[in-house]
Amino acid sequence: MAKEKKRALLELLHRDGNQLCADCGAPDPDWASYTLGVFICLSCSGIHRNIPNVSKVKSVRLDAWDEAQIEFMACNGNHVGRAKYESKTPSFYYKPTFSDCQLLREQWIRAKYERKEFIYAEKQEPYSAGYREGFLWKRGRDNGQFLSRKFVLTEREGALKYFNKNDAKEPKAIMKIEHLNATFQPAKIGNPHGLQITYLKDNSTRNIFVYHEDGKEIVDWFNAIRAARFHYLQVAFPGASDNDQTEGFKKRWFTMDDRRLMYFKDPLDAFARGEVFIGSKENSYTVLEGLPPSTQGHHWQHGITIVTPDRKFLFACETEGDQREWIAAFQKVINRPMLPQEYAVEAHFKHKP
């Protein structure tokens, strides 16, 4: 009888959807929450153990199971669990994978099952309201000491600000949402809740390092920054999406900052996948409508070719309107003579590995 139960459980593990951990996507999960009906990996099972009021876990291979529990798993499984507990996950909300830090995975699991944030959208207010303020521990630039600082994120003003004193009228720094990114770096910062915030100032990248003792609080800040950036990008680049690959072209998110064209796999990625420098027509840069006749994937309707002294870059837009706007933007940059300092930037691009 015990062998039959074990075989029935192992068969459930091989069902579509149950072959990856329900929470982090790790392959070959061999634990399960028999109160939620989902199959999970060993690492996530440890997090589930910390919320016993919501989830009770067993090893699929090592623990004893009764028939009612197996039947419950058979009626549920990971597809059903996702449909129930992730149905209202916002597009901007970061879903961690097995390679992400413990904090992100723990707060994702608690948000799903304990707080039910993706069943009841009103519970998402802390990170989706467009405004957030509070105190974070910020590392000092000179001495590395962490000091409590007031932070304000406001989508209306398009900025994240922080203040050196509680009653200060003027912020110490204003970080524009369009140039803002955040990534968890616990090892680098020396704190399990350590968050690195990256922004542009005077055309160079700056970092600040912050944390909060409360795990939910710092992850809410992280997702509030993602939400603000997502909403900014929706306004700046309406209709963009990020499906991946077809016929030699990959869908990428593009932003142009002066003469730097940057592309990202995801609009919220901290680092660009690549950059293209766009010089002036005097320096043999041109933009052409369409793609060369030899291009793989003949159905690309709205192509753009950027010719540089070294090579051609090929792009395709989803609509004719997008194509016209991008060509106009490129042409405007190419028509403008290069400034002396821009030659140094161009040289830097040419010598990039």
# chains A, B, ... in the order shown; residues from 1 in each chain; ligands from 1

call {"tool": "residues_around", "arguments": {"residues": "Met262 in chain A", "least_positions_apart": "3", "cutoff": "6 Å", "atoms": "only C-alpha atoms", "output": "MDAnalysis selection string"}}
result
chainID A and resid 254:255 274:275

call {"tool": "residues_around", "arguments": {"residues": "range 155-162 of chain A", "least_positions_apart": "6", "cutoff": "9 Å", "atoms": "only C-alpha atoms", "output": "PyMOL selection string"}}
result
chain A and resi 129-131+149+171-178+180+225+228-229+231-232

call {"tool": "write_last_selection", "arguments": {"atoms": "N, CA, C and O atoms", "output": "CSV table (one decimal), in the first residue's frame"}}
result
chain,number,residue,atom,x,y,z
A,129,ALA,N,1.0,52.4,-5.2
A,129,ALA,CA,0.3,53.7,-5.0
A,129,ALA,C,0.9,54.9,-5.7
A,129,ALA,O,0.2,55.9,-5.9
A,130,GLY,N,2.2,54.7,-6.1
A,130,GLY,CA,2.8,55.9,-6.8
A,130,GLY,C,3.5,56.8,-5.9
A,130,GLY,O,4.1,57.8,-6.3
A,131,TYR,N,3.4,56.6,-4.6
A,131,TYR,CA,4.1,57.5,-3.6
A,131,TYR,C,4.5,56.6,-2.4
A,131,TYR,O,3.7,55.8,-2.0
A,149,ARG,N,18.1,57.6,7.0
A,149,ARG,CA,17.8,58.7,6.1
A,149,ARG,C,16.4,58.6,5.6
A,149,ARG,O,15.9,57.5,5.4
A,171,PRO,N,16.2,68.1,-0.5
A,171,PRO,CA,16.8,66.8,-0.5
A,171,PRO,C,18.3,66.8,-0.8
A,171,PRO,O,18.8,67.7,-1.4
A,172,LYS,N,19.0,65.9,-0.2
A,172,LYS,CA,20.4,65.7,-0.5
A,172,LYS,C,20.6,65.3,-1.9
A,172,LYS,O,21.6,65.7,-2.6
A,173,ALA,N,19.7,64.4,-2.4
A,173,ALA,CA,19.9,63.9,-3.8
A,173,ALA,C,18.5,63.7,-4.4
A,173,ALA,O,17.6,63.3,-3.7
A,174,ILE,N,18.4,64.0,-5.7
A,174,ILE,CA,17.2,63.7,-6.5
A,174,ILE,C,17.6,62.8,-7.6
A,174,ILE,O,18.4,63.1,-8.4
A,175,MET,N,17.0,61.6,-7.6
A,175,MET,CA,17.3,60.6,-8.6
A,175,MET,C,16.1,60.4,-9.5
A,175,MET,O,15.0,60.1,-9.1
A,176,LYS,N,16.2,60.7,-10.8
A,176,LYS,CA,15.1,60.7,-11.7
A,176,LYS,C,14.7,59.2,-12.0
A,176,LYS,O,15.6,58.4,-12.2
A,177,ILE,N,13.4,59.0,-12.0
A,177,ILE,CA,12.9,57.6,-12.2
A,177,ILE,C,13.4,57.0,-13.5
A,177,ILE,O,13.7,55.8,-13.6
A,178,GLU,N,13.5,57.9,-14.6
A,178,GLU,CA,13.9,57.3,-15.9
A,178,GLU,C,15.3,56.7,-15.9
A,178,GLU,O,15.6,55.9,-16.7
A,180,LEU,N,16.7,55.3,-13.0
A,180,LEU,CA,16.8,54.6,-11.7
A,180,LEU,C,16.6,53.1,-11.8
A,180,LEU,O,15.8,52.6,-12.6
A,225,ILE,N,9.9,51.0,-6.5
A,225,ILE,CA,10.8,51.6,-7.5
A,225,ILE,C,10.6,50.9,-8.9
A,225,ILE,O,10.5,51.6,-9.9
A,228,ALA,N,7.3,52.4,-10.3
A,228,ALA,CA,7.5,53.8,-10.7
A,228,ALA,C,8.2,53.8,-12.1
A,228,ALA,O,7.8,54.5,-13.0
A,229,ARG,N,9.2,52.9,-12.2
A,229,ARG,CA,9.9,52.8,-13.5
A,229,ARG,C,9.0,52.2,-14.6
A,229,ARG,O,9.0,52.7,-15.7
A,231,HIS,N,5.7,52.4,-14.8
A,231,HIS,CA,4.7,53.4,-15.2
A,231,HIS,C,5.4,54.5,-16.0
A,231,HIS,O,4.8,55.0,-17.0
A,232,TYR,N,6.6,54.9,-15.7
A,232,TYR,CA,7.3,55.9,-16.5
A,232,TYR,C,7.5,55.4,-17.9
A,232,TYR,O,7.2,56.1,-18.9

call {"tool": "closest_residue", "arguments": {"among": "A:Val276, A:Asp100, A:Gly215, A:Glu106", "to": "His348 in chain A", "atoms": "only C-alpha atoms"}}
result
A:Val276

call {"tool": "closest_residue", "arguments": {"among": "A:Glu320, A:Glu125, A:Glu11, A:Asp266", "to": "Asn223 in chain A", "atoms": "only C-alpha atoms"}}
result
A:Glu125

call {"tool": "residues_around", "arguments": {"residues": "range 17-29 of chain A", "least_positions_apart": "4", "cutoff": "7 Å", "atoms": "only C-alpha atoms", "output": "ChimeraX atom specification"}}
result
/A:13,38-41,77-79,96-98,109
